[in-house]
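Report on the structure given below.
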Amino acid sequence: MPLSIGSLTKHVNMAACMTENGSERKLEFFLKVPFPSEREATIALQSLSPDPEPRKGGITKNLDLSGQTLSVRWTADEARILRVSVSSFLDHLCLVMETMDVFGPPVSQ
């Protein structure tokens with residue numbers, strides 16, 4: 001059964017906030033995705049990292065790995081840009097997780 005964004009969100013931690021730095025207002029979104037193993041988290045990080053944001057400004061995305069947990073942090077100027085980036089990332093994340101599920105646990109190297 002394919003993963004959907006709805007089923008994916010049952011397993012992740014998400015938070016959103018708005019910060020102000022002087023006159024600059026930024027939207028932030030945080031996502032933490034736990035994986036069954038550190039190896040699977042590393043595979044997900046490597047699969048999702050090569051995709052830079054298409055816009056040159058207005059949004060940044062940082063991916064980090066801590067053990068079995070993939071953490072992602074977005075900072076954006078506009079809610080629309082943030083929404084599109086997060087939605088696209090979740091689509092890619094679902095595809096990565098479905099692929100790992102179909103091929104089974106990774107083999108030790």
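As shown in the structure tokens, the chain order sets the letters A, B, ...; within each chain, residues go from 1, and ligands are also counted from 1 in the order they appear.
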Can you tell me which residues surround stretch 30-44 of chain A at a distance of at most 6 Å, considering only C-alpha atoms, apart from same-chain residues fewer than 5 positions away, and format the answer as a list in words?
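Here the answer would be Val12, Asn13, Met14, Ala15, Gly67, Gln68, Thr69, Leu70, Ser71, Val72 and Arg73 of chain A.
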Keeping only N, CA and C atoms, take the residues you just selected and write them out as a compact mmCIF listing (two decimals), in the first residue's frame.
# COMPACT_ATOMS: atom_id res chain seq x y z
N VAL A 12 5.76 11.49 12.08
CA VAL A 12 6.76 12.55 12.15
C VAL A 12 6.34 13.61 13.15
N ASN A 13 7.32 14.38 13.58
CA ASN A 13 7.06 15.53 14.46
C ASN A 13 7.23 16.79 13.63
N MET A 14 6.25 17.70 13.68
CA MET A 14 6.31 18.93 12.92
C MET A 14 6.02 20.11 13.83
N ALA A 15 6.63 21.24 13.50
CA ALA A 15 6.35 22.47 14.23
C ALA A 15 6.55 23.65 13.30
N GLY A 67 21.49 10.22 14.50
CA GLY A 67 21.13 8.83 14.73
C GLY A 67 20.14 8.35 13.70
N GLN A 68 18.96 7.93 14.13
CA GLN A 68 17.92 7.40 13.25
C GLN A 68 16.92 8.47 12.83
N THR A 69 17.18 9.73 13.18
CA THR A 69 16.21 10.79 12.92
C THR A 69 16.73 11.80 11.90
N LEU A 70 15.94 12.01 10.86
CA LEU A 70 16.22 13.03 9.85
C LEU A 70 15.48 14.29 10.26
N SER A 71 16.21 15.40 10.39
CA SER A 71 15.60 16.68 10.75
C SER A 71 15.71 17.64 9.58
N VAL A 72 14.64 18.36 9.33
CA VAL A 72 14.61 19.34 8.25
C VAL A 72 14.10 20.65 8.82
N ARG A 73 14.74 21.74 8.42
CA ARG A 73 14.33 23.08 8.88
C ARG A 73 14.24 24.00 7.68
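One distance worth recording is that between atom CA of A:Met100 and atom CA of A:Ser49, which is 16.3 Å.
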Apply DSSP to the backbone of this structure and, from stretch 26-80 of chain A, keep only the residues in alpha helix (DSSP H); write these as a ChimeraX atom specification.
/A:38-48,79-80
